[in-house]
>>> print(open('input09.cif').read())   # mmCIF, C-alpha atoms
data_work
#
loop_
_atom_site.label_atom_id
_atom_site.label_comp_id
_atom_site.auth_asym_id
_atom_site.auth_seq_id
_atom_site.Cartn_x
_atom_site.Cartn_y
_atom_site.Cartn_z
CA ARG A 1 -40.19 159.32 36.66
CA ALA A 2 -39.81 162.58 34.79
CA GLY A 3 -37.94 160.84 31.99
CA MET A 4 -40.65 158.22 31.73
CA SER A 5 -43.00 160.65 29.99
CA ALA A 6 -40.67 161.24 27.04
CA PRO A 7 -41.97 158.39 24.86
CA LEU A 8 -45.55 159.59 25.13
CA ALA A 9 -45.30 161.68 21.97
CA VAL A 10 -44.58 158.47 20.10
CA ALA A 11 -47.62 156.85 21.68
CA ARG A 12 -49.85 159.37 19.90
CA VAL A 13 -48.45 158.62 16.47
CA ALA A 14 -50.84 156.56 14.37
CA PRO A 15 -49.60 154.46 11.44
CA PRO A 16 -50.54 155.46 7.87
CA GLY A 17 -54.24 154.88 7.29
CA PHE A 18 -55.28 155.85 10.82
CA THR A 19 -55.88 159.22 12.46
CA LEU A 20 -56.27 160.20 16.06
CA ASN A 21 -59.44 161.67 17.56
CA PRO A 22 -61.72 163.05 16.35
CA VAL A 23 -62.24 159.75 14.56
CA PRO A 24 -63.55 160.30 11.00
CA PRO A 25 -66.01 157.97 9.28
CA PRO A 26 -64.30 154.75 8.21
CA THR A 27 -62.69 154.97 4.80
CA ARG A 28 -61.86 151.44 3.83
CA ARG A 29 -60.34 150.82 0.42
CA ARG A 30 -62.20 148.52 -1.89
CA GLY A 31 -59.15 146.53 -2.85
CA ARG A 32 -58.49 142.94 -1.84
CA VAL A 33 -58.32 142.53 1.92
CA VAL A 34 -55.22 140.65 3.01
CA VAL A 35 -55.46 138.83 6.33
CA ALA A 36 -53.49 136.09 7.98
CA SER A 37 -56.09 133.45 7.20
CA ALA A 38 -59.70 133.05 6.23
CA SER A 39 -60.58 132.35 9.85
CA PRO A 40 -63.96 133.19 11.43
CA SER A 41 -62.30 136.06 13.33
CA ALA A 42 -61.00 137.50 10.06
CA ASN A 43 -64.47 137.40 8.54
CA GLU A 44 -65.91 138.95 11.68
CA ALA A 45 -63.35 141.76 11.53
CA GLU A 46 -64.22 142.39 7.89
CA HIS A 47 -67.92 142.64 8.76
CA ALA A 48 -67.14 144.95 11.69
CA ALA A 49 -65.11 147.28 9.49
CA ARG A 50 -67.79 147.31 6.81
CA ASP A 51 -70.75 147.89 9.15
CA GLU A 52 -69.54 150.04 12.06
CA ASN A 53 -65.99 150.97 12.93
CA PRO A 54 -65.52 149.95 16.59
CA TYR A 55 -63.06 152.82 17.09
CA GLU A 56 -65.70 155.26 15.93
CA VAL A 57 -68.46 153.60 17.97
CA LEU A 58 -66.47 154.07 21.19
CA GLY A 59 -64.78 157.30 20.11
CA VAL A 60 -61.26 156.13 20.94
CA ASP A 61 -57.92 156.50 19.20
CA VAL A 62 -56.39 153.57 17.38
CA THR A 63 -53.58 153.68 19.96
CA ALA A 64 -56.07 153.31 22.84
CA SER A 65 -55.12 150.70 25.40
CA LYS A 66 -57.54 148.13 26.79
CA ARG A 67 -57.95 150.31 29.87
CA ALA A 68 -58.93 153.28 27.69
CA VAL A 69 -61.36 151.11 25.71
CA ARG A 70 -63.05 149.88 28.88
CA ASP A 71 -63.25 153.40 30.31
CA ALA A 72 -64.81 154.66 27.05
CA PHE A 73 -67.30 151.77 27.11
CA ARG A 74 -68.37 152.45 30.72
CA ALA A 75 -68.88 156.16 30.04
CA ALA A 76 -70.88 155.57 26.85
CA ALA A 77 -72.82 152.61 28.27
CA LYS A 78 -74.31 154.77 31.01
CA ARG A 79 -75.92 156.96 28.38
CA ALA A 80 -76.88 154.13 26.00
CA HIS A 81 -78.29 151.68 28.54
CA PRO A 82 -81.94 150.78 27.82
CA ASP A 83 -82.96 151.87 31.34
CA THR A 84 -81.55 155.36 30.73
CA PRO A 85 -83.72 158.01 29.01
CA GLY A 86 -82.62 158.19 25.38
CA GLY A 87 -80.84 154.85 25.55
CA SER A 88 -81.68 151.70 23.62
CA ALA A 89 -80.76 148.06 23.51
CA LYS A 90 -79.43 148.50 19.97
CA ALA A 91 -77.04 151.31 20.97
CA PHE A 92 -75.91 149.43 24.07
CA ASP A 93 -75.28 146.24 22.11
CA ALA A 94 -73.23 148.18 19.53
CA LEU A 95 -71.03 149.56 22.31
CA ALA A 96 -70.61 146.14 23.89
CA LYS A 97 -69.74 144.57 20.55
CA ALA A 98 -67.15 147.27 19.82
CA ALA A 99 -65.59 146.88 23.28
CA ASP A 100 -65.43 143.10 22.86
CA VAL A 101 -63.51 143.47 19.59
CA LEU A 102 -61.07 146.12 20.87
CA THR A 103 -60.22 144.24 24.07
CA ASP A 104 -59.51 140.96 22.28
CA ASP A 105 -55.97 141.03 20.89
CA ALA A 106 -56.60 138.57 18.06
CA ARG A 107 -59.87 140.12 16.89
CA ARG A 108 -58.45 143.63 17.16
CA ALA A 109 -55.41 142.65 15.10
CA GLN A 110 -57.70 141.25 12.40
CA LEU A 111 -59.77 144.44 12.46
CA ASP A 112 -56.69 146.63 12.12
CA ALA A 113 -55.48 144.52 9.20
CA VAL A 114 -58.83 145.01 7.46
CA LEU A 115 -58.96 148.76 8.11
CA LEU A 116 -55.37 149.27 6.94
CA ASP A 117 -55.71 146.69 4.14
CA VAL A 118 -52.36 145.16 5.08
CA PRO A 119 -51.20 141.66 6.03
CA ALA A 120 -51.66 140.74 9.67
CA ASP A 121 -47.87 140.58 10.15
CA SER A 122 -47.13 143.99 8.60
CA LEU A 123 -44.84 146.59 10.12
CA SER A 124 -47.74 149.04 10.40
CA LEU A 125 -49.61 146.72 12.75
CA GLU A 126 -46.47 146.01 14.77
CA GLU A 127 -45.90 149.75 15.12
CA LEU A 128 -49.50 150.19 16.23
CA ARG A 129 -49.14 147.48 18.87
CA TRP A 130 -46.05 149.11 20.39
CA SER A 131 -47.76 152.52 20.37
CA ARG A 132 -50.58 151.01 22.42
CA GLU A 133 -48.00 149.54 24.75
CA LEU A 134 -46.64 153.04 25.40
CA ALA A 135 -50.15 154.38 25.94
CA ALA A 136 -50.82 151.66 28.52
CA LEU A 137 -47.58 152.49 30.35
CA ARG A 138 -48.55 156.13 30.63
CA GLU A 139 -52.01 155.26 31.94
CA SER A 140 -50.49 153.02 34.59
CA GLU A 141 -48.21 155.87 35.64
CA ASP A 142 -51.07 158.41 35.69
CA ALA A 143 -53.19 156.00 37.74
CA GLY A 144 -50.49 155.86 40.41
CA GLU A 145 -49.81 152.18 39.87
CA VAL A 146 -46.06 152.75 39.45
CA LYS A 147 -44.96 153.37 43.04
CA ASP A 148 -42.26 151.15 44.49
CA PRO A 149 -38.72 151.10 43.06
CA ALA A 150 -39.21 147.72 41.43
CA ALA A 151 -42.29 148.94 39.55
CA VAL A 152 -40.49 152.12 38.48
CA LEU A 153 -37.57 150.08 37.17
CA GLU A 154 -39.90 147.67 35.35
CA ALA A 155 -41.80 150.57 33.77
CA ALA A 156 -38.55 152.24 32.68
CA ARG A 157 -37.43 149.02 31.04
CA ALA A 158 -40.79 148.67 29.32
CA TYR A 159 -40.53 152.25 27.98
CA ALA A 160 -37.02 151.55 26.70
CA ALA A 161 -38.12 148.32 25.04
CA ALA A 162 -41.05 150.04 23.34
CA GLU A 163 -38.90 152.94 22.12
CA LYS A 164 -36.27 150.55 20.84
CA ALA A 165 -38.91 148.49 19.02
CA LEU A 166 -40.46 151.60 17.42
CA ASP A 167 -37.04 152.85 16.30
CA ALA A 168 -36.29 149.46 14.74
CA ILE A 169 -39.66 149.45 12.99
CA ALA A 170 -39.04 152.96 11.64
CA LYS A 171 -35.70 151.84 10.20
CA ARG A 172 -37.23 148.74 8.63
CA LYS A 173 -40.03 150.79 7.11
CA LYS A 174 -37.54 153.30 5.73
CA LYS A 175 -35.52 150.47 4.22
CA ALA A 176 -38.64 148.98 2.66
CA GLU A 177 -39.71 152.37 1.28
CA ASP A 178 -36.25 152.92 -0.23
CA ALA A 179 -36.36 149.47 -1.81
CA GLU A 180 -39.80 150.19 -3.28
CA LYS A 181 -38.62 153.53 -4.69
CA LEU A 182 -35.65 151.80 -6.30
CA ARG A 183 -37.90 149.11 -7.77
CA ARG A 184 -40.19 151.75 -9.28
CA LYS A 185 -37.23 153.59 -10.76
CA GLU A 186 -35.89 150.38 -12.27
CA ASP A 187 -39.30 149.54 -13.73
CA ALA A 188 -39.59 153.06 -15.17
CA LEU A 189 -36.11 152.81 -16.70
CA ARG A 190 -36.91 149.47 -18.34
CA ALA A 191 -40.18 150.86 -19.71
CA SER A 192 -38.36 153.94 -21.04
CA GLN A 193 -35.67 151.87 -22.71
CA ALA A 194 -38.31 149.68 -24.36
CA ALA A 195 -40.26 152.75 -25.56
CA ARG A 196 -37.16 154.43 -27.01
CA LEU A 197 -36.11 151.21 -28.74
CA GLU A 198 -39.56 150.93 -30.27
CA ILE A 199 -39.43 154.54 -31.48
CA THR A 200 -35.95 154.06 -32.94
CA SER A 201 -37.04 150.92 -34.80
CA ARG A 202 -40.17 152.64 -36.03
CA ILE A 203 -38.20 155.62 -37.37
CA ALA A 204 -35.74 153.27 -39.09
CA THR A 205 -38.50 151.46 -40.97
CA LYS A 206 -41.19 154.11 -41.50
CA GLY A 207 -39.46 157.46 -41.10
CA LEU A 208 -40.45 160.41 -38.95
CA ARG A 209 -44.08 160.65 -40.04
CA GLY A 210 -46.57 160.29 -37.18
CA ASN A 211 -49.05 157.46 -36.98
CA ASP A 212 -52.55 157.73 -38.42
CA VAL A 213 -55.30 157.80 -35.81
CA ALA A 214 -58.70 156.19 -36.46
CA VAL A 215 -61.74 157.53 -34.62
CA THR A 216 -65.52 157.33 -34.87
CA MET A 217 -67.67 160.47 -34.98
CA THR A 218 -71.31 160.09 -33.99
CA VAL A 219 -73.64 162.60 -35.67
CA THR A 220 -77.33 163.02 -36.41
CA SER A 221 -79.16 164.51 -39.37
CA GLU A 222 -80.26 167.36 -37.08
CA MET A 223 -76.65 168.19 -36.24
CA LEU A 224 -75.77 168.40 -39.93
CA THR A 225 -78.81 170.54 -40.67
CA GLU A 226 -78.10 172.95 -37.81
CA ALA A 227 -74.46 173.27 -38.85
CA LEU A 228 -75.55 173.92 -42.44
CA GLU A 229 -77.92 176.69 -41.36
CA ALA A 230 -75.29 178.30 -39.15
CA GLN A 231 -72.58 178.22 -41.79
CA SER A 232 -74.78 179.47 -44.66
CA SER A 233 -76.31 182.44 -42.82
CA GLY A 234 -75.83 186.01 -43.93
CA GLY A 235 -76.61 185.42 -47.57
CA LYS A 236 -73.61 183.19 -48.09
CA LYS A 237 -73.65 180.47 -50.69
CA VAL A 238 -75.07 177.26 -49.32
CA PRO A 239 -72.09 174.91 -48.83
CA ASP A 240 -72.12 171.23 -49.67
CA ARG A 241 -69.98 170.53 -46.61
CA VAL A 242 -70.10 171.55 -42.98
CA THR A 243 -67.51 171.29 -40.24
CA LEU A 244 -68.22 169.82 -36.84
CA PRO A 245 -65.91 169.79 -33.79
CA LEU A 246 -64.47 166.49 -32.59
CA ARG A 247 -62.44 165.94 -29.42
CA THR A 248 -59.51 163.65 -30.16
CA THR A 249 -56.55 162.29 -28.24
CA THR A 250 -53.27 161.89 -30.11
CA MET A 251 -49.62 161.31 -29.25
CA VAL A 252 -47.16 164.21 -29.41
CA ASN A 253 -43.49 164.63 -28.56
CA CYS A 254 -42.91 165.59 -24.94
CA ALA A 255 -42.49 169.36 -24.76
CA LYS A 256 -40.16 169.06 -21.76
CA CYS A 257 -37.50 166.85 -23.37
CA ASN A 258 -38.43 167.32 -27.07
CA GLY A 259 -38.94 163.58 -27.38
CA TRP A 260 -35.53 162.63 -25.94
CA GLY A 261 -36.88 161.00 -22.80
CA GLU A 262 -34.16 162.33 -20.49
CA LYS A 263 -33.59 165.50 -18.51
CA GLU A 264 -30.57 167.73 -18.16
CA GLY A 265 -27.80 166.54 -15.89
CA HIS A 266 -25.76 164.26 -18.07
CA TRP A 267 -23.63 162.87 -15.25
CA THR A 268 -26.69 161.73 -13.33
CA LEU A 269 -27.34 158.01 -12.88
CA ALA A 270 -29.59 156.54 -15.56
CA LEU A 271 -32.25 155.80 -12.93
CA ASP A 272 -32.60 159.51 -12.18
CA LYS A 273 -32.27 160.91 -15.70
CA LEU A 274 -35.77 160.21 -16.97
CA CYS A 275 -37.80 163.23 -18.03
CA VAL A 276 -40.14 164.28 -15.24
CA LYS A 277 -42.99 165.04 -17.66
CA CYS A 278 -43.09 161.94 -19.86
CA GLY A 279 -41.29 159.56 -17.51
CA GLY A 280 -38.79 158.69 -20.21
CA MET A 281 -41.48 157.60 -22.68
CA CYS A 282 -40.58 160.45 -25.11
CA ARG A 283 -44.20 161.05 -26.13
CA VAL A 284 -47.34 162.02 -24.26
CA GLU A 285 -51.06 162.14 -24.96
CA LYS A 286 -52.68 165.39 -26.05
CA THR A 287 -56.39 166.08 -26.26
CA SER A 288 -57.55 168.73 -28.70
CA THR A 289 -60.54 169.75 -30.80
CA VAL A 290 -60.39 169.09 -34.54
CA ARG A 291 -62.81 170.57 -37.07
CA VAL A 292 -63.98 167.69 -39.26
CA PRO A 293 -65.45 168.51 -42.69
CA LEU A 294 -68.53 166.43 -43.46
CA ARG A 295 -70.80 166.28 -46.46
CA VAL A 296 -74.27 167.62 -45.73
CA ASP A 297 -75.73 164.30 -46.90
CA ALA A 298 -73.04 162.18 -45.20
CA LEU A 299 -73.77 158.46 -45.07
CA ASP A 300 -73.40 156.06 -42.17
CA GLY A 301 -69.95 154.48 -42.29
CA GLU A 302 -68.50 157.18 -44.54
CA ARG A 303 -64.83 157.96 -43.94
CA VAL A 304 -63.23 161.37 -43.82
CA VAL A 305 -59.48 162.00 -43.68
CA VAL A 306 -58.18 165.09 -41.87
CA GLU A 307 -54.60 165.40 -43.02
CA GLY A 308 -51.95 166.03 -40.38
CA ALA A 309 -54.41 165.79 -37.47
CA GLY A 310 -53.19 162.39 -36.27
CA ASP A 311 -50.15 161.70 -34.10
CA GLU A 312 -47.39 164.31 -34.25
CA GLY A 313 -44.33 163.37 -36.31
CA TYR A 314 -41.38 161.81 -34.51
CA ARG A 315 -38.11 163.52 -33.60
CA LYS A 316 -34.80 161.74 -34.08
CA GLN A 317 -31.88 162.02 -31.68
CA VAL A 318 -28.77 163.34 -33.43
CA THR A 319 -26.30 163.79 -30.55
CA ALA A 320 -25.57 162.02 -27.26
CA LEU A 321 -26.53 165.20 -25.42
CA GLY A 322 -30.14 164.97 -26.56
CA GLU A 323 -30.17 167.26 -29.59
CA MET A 324 -33.22 166.28 -31.63
CA THR A 325 -34.34 166.88 -35.20
CA GLU A 326 -37.47 168.80 -36.03
CA PRO A 327 -40.57 166.60 -35.92
CA GLY A 328 -41.64 164.81 -39.07
CA PRO A 329 -45.04 165.35 -40.69
CA GLY A 330 -48.05 164.47 -38.62
CA GLY A 331 -50.17 161.43 -39.30
CA ASP A 332 -53.72 161.69 -40.58
CA LEU A 333 -56.94 161.55 -38.58
CA ILE A 334 -59.23 158.96 -40.16
CA VAL A 335 -62.81 159.66 -39.10
CA THR A 336 -65.58 157.10 -39.57
CA VAL A 337 -69.05 158.66 -39.51
CA ALA A 338 -71.67 156.97 -37.34
CA LEU A 339 -74.98 158.52 -38.49
CA LEU A 340 -77.68 157.85 -35.92
CA ARG A 341 -81.11 157.00 -37.26
CA ASP A 342 -84.32 158.43 -35.81
CA GLY A 343 -84.80 157.14 -32.30
CA GLU A 344 -81.19 156.04 -31.85
CA THR A 345 -79.19 157.55 -29.00
CA THR A 346 -76.01 155.56 -29.36
CA ARG A 347 -74.24 153.20 -31.70
CA ARG A 348 -72.77 149.91 -30.60
#
>>> encode(input="input09.cif", output="structure tokens")
Amino acid sequence: RAGMSAPLAVARVAPPGFTLNPVPPPTRRRGRVVVASASPSANEAEHAARDENPYEVLGVDVTASKRAVRDAFRAAAKRAHPDTPGGSAKAFDALAKAADVLTDDARRAQLDAVLLDVPADSLSLEELRWSRELAALRESEDAGEVKDPAAVLEAARAYAAAEKALDAIAKRKKKAEDAEKLRRKEDALRASQAARLEITSRIATKGLRGNDVAVTMTVTSEMLTEALEAQSSGGKKVPDRVTLPLRTTTMVNCAKCNGWGEKEGHWTLALDKLCVKCGGMCRVEKTSTVRVPLRVDALDGERVVVEGAGDEGYRKQVTALGEMTEPGPGGDLIVTVALLRDGETTRR
């Protein structure tokens, strides 16, 4: 009997997406809910998860056995019963509804699938079921129901079966996680190869100069006037142009790999060589503030070119070890002025 308590640590392990008591407010993802079928029980489970989490209503762990659910219901029902001071029919009905769901295997499985946002036949739900099985075994032992040798032997076999099932599930989950990691690496490698091929083709046809970037700058007459006053103060000559700040996002060479797309470690497998900063894409986005010169009497739709403020120039690989050239000249920032009229707050 002493050895029969060993699996109990496993019984308290909740699958990803669940936590043990204290039970937090339900945090259900808004993504598509995957269930075994569009059955009435599935819809009921979805409504239960959206309205009130039965686990939270009864204050039980997700690994709670049916015995634990019933015990929690009896304890809470005494306080919530309409004949008890402070109780109400609404509170009592909520407890009864939660207990009904958690003591019905099919409805509880549908609820768990909704809360975890996983298919009804997922490994997470199978792991949860076996964890509850271990919890039920411990409760039977604590209640003194495991007495005669036959019952002890049966309980020991049940513990062994549950442990074996949980070990098998853990291995299957690990295998699935490893396969998913490999798939992501392969996808990243293909994306990197496509990006580097595109950059190489672009350099071959257009050189190292960066791309021009077109943006729209929304201004008002008041903004131009205020900038004019600020920049002509102190007795300075009144300028015919003012400069206004503009936040822009452009593409630059990755500072980690200098636009190579790989990291050091030349004997590493291609799957593991991608730069950790750019993911093998060679270039990354950079947000900065550019001072844009505008005429004081700028017109709506007027275009201003800020030379060299577009995408950074490209680097070209010159050796197999990732030695790169200096970047080419930057592209231009082409700014289209959107001058708001009186009363306008935005421009479509």
>>> resolve_selection(input="input09.cif", expression="the PyMOL selection byres ((chain A and resi 251) around 8)", output="PyMOL selection string")
chain A and resi 249-250+252-253+283-286+310-312
>>> residues_around(input="input09.cif", residues="Leu208 of chain A", least_positions_apart="5", cutoff="12 Å", atoms="only C-alpha atoms", output="list in words")
Ile199, Thr200, Ser201, Arg202, Ile203, Asn253, Asp311, Glu312, Gly313, Tyr314, Arg315, Lys316, Gln317, Met324, Thr325, Glu326, Pro327, Gly328, Pro329, Gly330 and Gly331 of chain A
>>> write_last_selection(input="input09.cif", atoms="C-alpha atoms", output="compact mmCIF listing (two decimals), in the frame of the given file")
# COMPACT_ATOMS: atom_id res chain seq x y z
CA ILE A 199 -39.43 154.54 -31.48
CA THR A 200 -35.95 154.06 -32.94
CA SER A 201 -37.04 150.92 -34.80
CA ARG A 202 -40.17 152.64 -36.03
CA ILE A 203 -38.20 155.62 -37.37
CA ASN A 253 -43.49 164.63 -28.56
CA ASP A 311 -50.15 161.70 -34.10
CA GLU A 312 -47.39 164.31 -34.25
CA GLY A 313 -44.33 163.37 -36.31
CA TYR A 314 -41.38 161.81 -34.51
CA ARG A 315 -38.11 163.52 -33.60
CA LYS A 316 -34.80 161.74 -34.08
CA GLN A 317 -31.88 162.02 -31.68
CA MET A 324 -33.22 166.28 -31.63
CA THR A 325 -34.34 166.88 -35.20
CA GLU A 326 -37.47 168.80 -36.03
CA PRO A 327 -40.57 166.60 -35.92
CA GLY A 328 -41.64 164.81 -39.07
CA PRO A 329 -45.04 165.35 -40.69
CA GLY A 330 -48.05 164.47 -38.62
CA GLY A 331 -50.17 161.43 -39.30
>>> closest_residue(input="input09.cif", among="A:Val146, A:Cys275, A:Leu224, A:Leu123", to="Ala170 of chain A", atoms="only C-alpha atoms")
A:Leu123
>>> atom_distance(input="input09.cif", atom1="atom CA of Val296 of chain A", atom2="atom CA of Asp240 of chain A")
5.8 Å
>>> resolve_selection(input="input09.cif", expression="the PyMOL selection byres ((chain A and resi 335) around 10)", output="VMD selection string")
chain A and resid 213 to 218 246 292 to 294 301 to 306 332 to 334 336 to 338
>>> write_last_selection(input="input09.cif", atoms="C-alpha atoms", output="PDB file, in the coordinates of the input")
ATOM      1  CA  VAL A 213     -55.300 157.800 -35.810  1.00  0.00           C
ATOM      2  CA  ALA A 214     -58.700 156.190 -36.460  1.00  0.00           C
ATOM      3  CA  VAL A 215     -61.740 157.530 -34.620  1.00  0.00           C
ATOM      4  CA  THR A 216     -65.520 157.330 -34.870  1.00  0.00           C
ATOM      5  CA  MET A 217     -67.670 160.470 -34.980  1.00  0.00           C
ATOM      6  CA  THR A 218     -71.310 160.090 -33.990  1.00  0.00           C
ATOM      7  CA  LEU A 246     -64.470 166.490 -32.590  1.00  0.00           C
ATOM      8  CA  VAL A 292     -63.980 167.690 -39.260  1.00  0.00           C
ATOM      9  CA  PRO A 293     -65.450 168.510 -42.690  1.00  0.00           C
ATOM     10  CA  LEU A 294     -68.530 166.430 -43.460  1.00  0.00           C
ATOM     11  CA  GLY A 301     -69.950 154.480 -42.290  1.00  0.00           C
ATOM     12  CA  GLU A 302     -68.500 157.180 -44.540  1.00  0.00           C
ATOM     13  CA  ARG A 303     -64.830 157.960 -43.940  1.00  0.00           C
ATOM     14  CA  VAL A 304     -63.230 161.370 -43.820  1.00  0.00           C
ATOM     15  CA  VAL A 305     -59.480 162.000 -43.680  1.00  0.00           C
ATOM     16  CA  VAL A 306     -58.180 165.090 -41.870  1.00  0.00           C
ATOM     17  CA  ASP A 332     -53.720 161.690 -40.580  1.00  0.00           C
ATOM     18  CA  LEU A 333     -56.940 161.550 -38.580  1.00  0.00           C
ATOM     19  CA  ILE A 334     -59.230 158.960 -40.160  1.00  0.00           C
ATOM     20  CA  THR A 336     -65.580 157.100 -39.570  1.00  0.00           C
ATOM     21  CA  VAL A 337     -69.050 158.660 -39.510  1.00  0.00           C
ATOM     22  CA  ALA A 338     -71.670 156.970 -37.340  1.00  0.00           C
TER      23      ALA A 338
END
>>> atom_distance(input="input09.cif", atom1="atom CA of Val114 of chain A", atom2="atom CA of Ser88 of chain A")
28.8 Å
>>> residues_around(input="input09.cif", residues="segment 67-73 of chain A", least_positions_apart="5", cutoff="9 Å", atoms="only C-alpha atoms", output="VMD selection string")
chain A and resid 55 58 to 60 78 95 to 96 98 to 99 102 to 103 136 139
>>> residues_around(input="input09.cif", residues="Asp342 of chain A", least_positions_apart="3", cutoff="10 Å", atoms="all atoms listed in the file", output="mmCIF file with C-alpha atoms, keeping the file's coordinate frame")
data_model
loop_
_atom_site.group_PDB
_atom_site.id
_atom_site.type_symbol
_atom_site.label_atom_id
_atom_site.label_comp_id
_atom_site.auth_asym_id
_atom_site.auth_seq_id
_atom_site.Cartn_x
_atom_site.Cartn_y
_atom_site.Cartn_z
ATOM 1 C CA THR A 220 -77.330 163.020 -36.410
ATOM 2 C CA SER A 221 -79.160 164.510 -39.370
ATOM 3 C CA GLU A 222 -80.260 167.360 -37.080
ATOM 4 C CA LEU A 339 -74.980 158.520 -38.490
ATOM 5 C CA THR A 345 -79.190 157.550 -29.000
#
>>> closest_residue(input="input09.cif", among="A:Ser65, A:Met281, A:Val152, A:Glu323", to="Leu197 of chain A", atoms="only C-alpha atoms")
A:Met281
>>> closest_residue(input="input09.cif", among="A:Arg196, A:Arg129, A:Arg138, A:Lys97", to="Ala109 of chain A", atoms="only C-alpha atoms")
A:Arg129
>>> resolve_selection(input="input09.cif", expression="the PyMOL selection byres ((chain A and resi 124) around 10)", output="PyMOL selection string")
chain A and resi 14-17+112-113+116+118-123+125-129+169-170+173
>>> atom_distance(input="input09.cif", atom1="atom CA of Leu111 of chain A", atom2="atom CA of Asp142 of chain A")
28.5 Å
>>> residues_around(input="input09.cif", residues="Ala158 of chain A", least_positions_apart="2", cutoff="12 Å", atoms="all atoms listed in the file", output="list in words")
Met4, Pro7, Trp130, Ser131, Glu133, Leu134, Ala135, Ala136, Leu137, Arg138, Ser140, Ala151, Val152, Leu153, Glu154, Ala155, Ala156, Ala160, Ala161, Ala162, Glu163, Lys164 and Ala165 of chain A
>>> closest_residue(input="input09.cif", among="A:Asp167, A:Asp104, A:Glu186, A:Asp93", to="Ala80 of chain A", atoms="all atoms listed in the file")
A:Asp93
>>> closest_residue(input="input09.cif", among="A:Met223, A:Ala194, A:Val57, A:Ala270", to="Ala298 of chain A", atoms="all atoms listed in the file")
A:Met223
>>> axis_aligned_box(input="input09.cif", around="segment 329-341 of chain A", padding_each_side="8 Å", output="lines of an AutoDock Vina configuration file")
center_x = -63.1
center_y = 161.2
center_z = -38.3
size_x = 52.1
size_y = 24.4
size_z = 20.8
